Amino acid sequence: MTLTKIVRKAYIRFIRPRFQEELSWQRMKLPWFVWQYAQLFGVRGITLGQKLFLLRKFLRIDWFVTLAHQPGEIVAVLRHISQRAALPGEVIVEAGCWQGGSSAKFSWMARLLGYRLIIYDSFQGVESVQETQDGRGTDFSGTFASPQSVLIHNLQRYGAVDACEIVPGWFADTLARTPVHAPVRAAFIDCDIAKGTYEVLQGVIPSLAADGVIFSQDFHIPPVVDLLKNPQTWQKLNADFPRMHYEGGTLVSMQFDSGAMVKSPGQ
């Protein structure tokens, strides 16, 4: 047994039971994950001072807001969108925000790099849909429910709320019906179900910038993986099959070849 496994077993058996509050667990686990922020200093397109500014903001969020992501996943998003300056009107989309920890981090990126952050969420938790594929799947129905007021509070206290726009409602009633109204430089999807993921793609794909990137933080959930790896998914969206890159944690990025990102209807 490796040292890492021994430490993990000791943590689960002796330490975690002493901390019943989820935020306390998160603070205890932070030393295991905070080192991922070292990747921040390899990000191009921003200055050292800006990196230190973001690091300070991110660590404060990690300490005070319950999260469902790892630091390295946030840095991966920053690495992509900082490769060039924001064009007028470009936005970052977050689909599924829970308590707004990731939203607060994205909001600082948005303000720093010249984007606007659009946050979509039902604020009622994961939709009650049981999804399986070949007997695999997980029922997340009702989990990660948090009211919009919690998101707003955390954005006001720990984020750049002035850089944000909030769109409440099920994805079927928002993104699936009305594509994003501005060019999308990056979209971060964390909705835990294939149905919601597809609905987000319906609203993002038509507005995706030529060098835009889509992230799914659900690349550990079999129905979502099957959806994203299925060529028919992208055919239905009138899009070419994307290049996928595993970014660490449960995150995968998806990009399209320049000029062939979205097909014309009937192509």
# chains A, B, ... in the order shown; residues from 1 in each chain; ligands from 1
$ closest_atom_pairs --of "stretch 63-92 of chain A" --to "stretch 23-47 of chain A" --cutoff "10 Å" --atoms "only C-alpha atoms" --output "CSV"
residue,atom,partner,partner_atom,distance
A:Trp63,CA,A:Arg27,CA,6.2
A:Phe64,CA,A:Leu23,CA,7.5
A:Val65,CA,A:Leu23,CA,7.1
A:Thr66,CA,A:Leu23,CA,5.3
A:Leu67,CA,A:Gln26,CA,7.8
A:Ala68,CA,A:Gln26,CA,9.7
A:Gln70,CA,A:Phe33,CA,6.8
A:Pro71,CA,A:Gln36,CA,5.8
A:Gly72,CA,A:Gln36,CA,5.1
A:Glu73,CA,A:Gln36,CA,8.9
A:Ile74,CA,A:Tyr37,CA,9.0
A:Val75,CA,A:Leu40,CA,6.0
A:Ala76,CA,A:Gln39,CA,8.6
A:Leu78,CA,A:Val43,CA,7.5
A:Arg79,CA,A:Val43,CA,5.3
A:His80,CA,A:Val43,CA,8.7
A:Ile81,CA,A:Gly45,CA,9.0
A:Ser82,CA,A:Gly45,CA,5.2
A:Gln83,CA,A:Gly45,CA,5.6
A:Arg84,CA,A:Gly45,CA,6.8
A:Ala85,CA,A:Gly45,CA,8.1
$ residues_around --residues "A:Val150" --least-positions-apart "4" --cutoff "9 Å" --atoms "only C-alpha atoms" --output "list in words"
Trp98, Gln99, Gly100, Ser146, Asn154 and Leu155 of chain A
$ write_last_selection --atoms "all heavy atoms" --output "JSON list (two decimals), in the first residue's frame"
[["chain", "number", "residue", "atom", "x", "y", "z"],
["A", 98, "TRP", "N", -24.27, 25.70, -8.07],
["A", 98, "TRP", "CA", -24.46, 25.31, -6.67],
["A", 98, "TRP", "C", -24.45, 26.55, -5.77],
["A", 98, "TRP", "O", -25.32, 27.39, -5.89],
["A", 98, "TRP", "CB", -23.41, 24.28, -6.25],
["A", 98, "TRP", "CG", -23.74, 23.60, -4.95],
["A", 98, "TRP", "CD1", -24.97, 23.47, -4.37],
["A", 98, "TRP", "CD2", -22.82, 22.95, -4.06],
["A", 98, "TRP", "NE1", -24.88, 22.78, -3.19],
["A", 98, "TRP", "CE2", -23.58, 22.46, -2.97],
["A", 98, "TRP", "CE3", -21.44, 22.75, -4.07],
["A", 98, "TRP", "CZ2", -22.99, 21.76, -1.90],
["A", 98, "TRP", "CZ3", -20.87, 22.05, -3.02],
["A", 98, "TRP", "CH2", -21.64, 21.56, -1.95],
["A", 99, "GLN", "N", -23.46, 26.71, -4.89],
["A", 99, "GLN", "CA", -23.44, 27.85, -3.97],
["A", 99, "GLN", "C", -22.65, 29.05, -4.51],
["A", 99, "GLN", "O", -22.56, 30.07, -3.85],
["A", 99, "GLN", "CB", -22.88, 27.42, -2.62],
["A", 99, "GLN", "CG", -23.74, 26.39, -1.90],
["A", 99, "GLN", "CD", -23.21, 26.05, -0.52],
["A", 99, "GLN", "OE1", -22.43, 26.80, 0.07],
["A", 99, "GLN", "NE2", -23.65, 24.93, 0.02],
["A", 100, "GLY", "N", -22.08, 28.89, -5.69],
["A", 100, "GLY", "CA", -21.40, 30.02, -6.32],
["A", 100, "GLY", "C", -19.91, 30.13, -6.07],
["A", 100, "GLY", "O", -19.32, 31.17, -6.36],
["A", 146, "SER", "N", -29.47, 24.89, -4.02],
["A", 146, "SER", "CA", -29.09, 26.07, -3.24],
["A", 146, "SER", "C", -29.83, 27.26, -3.82],
["A", 146, "SER", "O", -29.87, 27.43, -5.04],
["A", 146, "SER", "CB", -27.58, 26.29, -3.32],
["A", 146, "SER", "OG", -27.19, 27.40, -2.53],
["A", 154, "ASN", "N", -22.65, 35.13, -2.02],
["A", 154, "ASN", "CA", -21.25, 34.74, -2.19],
["A", 154, "ASN", "C", -20.55, 35.55, -3.27],
["A", 154, "ASN", "O", -19.36, 35.85, -3.17],
["A", 154, "ASN", "CB", -21.16, 33.24, -2.49],
["A", 154, "ASN", "CG", -21.41, 32.39, -1.26],
["A", 154, "ASN", "OD1", -21.14, 32.82, -0.14],
["A", 154, "ASN", "ND2", -21.95, 31.20, -1.45],
["A", 155, "LEU", "N", -21.30, 35.95, -4.29],
["A", 155, "LEU", "CA", -20.71, 36.81, -5.32],
["A", 155, "LEU", "C", -20.41, 38.19, -4.75],
["A", 155, "LEU", "O", -19.37, 38.78, -5.04],
["A", 155, "LEU", "CB", -21.66, 36.94, -6.51],
["A", 155, "LEU", "CG", -21.77, 35.73, -7.45],
["A", 155, "LEU", "CD1", -22.85, 35.97, -8.50],
["A", 155, "LEU", "CD2", -20.43, 35.44, -8.13]]
$ residues_around --residues "A:Val225" --least-positions-apart "2" --cutoff "12 Å" --atoms "only C-alpha atoms" --output "NGL selection string"
:A and (131-133 or 136-137 or 192-195 or 197-198 or 216-223 or 227-231 or 233 or 244 or 246 or 250-252)
$ atom_distance --atom1 "atom CA of A:Met109" --atom2 "atom CA of A:Arg185"
12.3 Å
$ atom_distance --atom1 "atom CA of A:Leu52" --atom2 "atom CA of A:Leu113"
14.7 Å
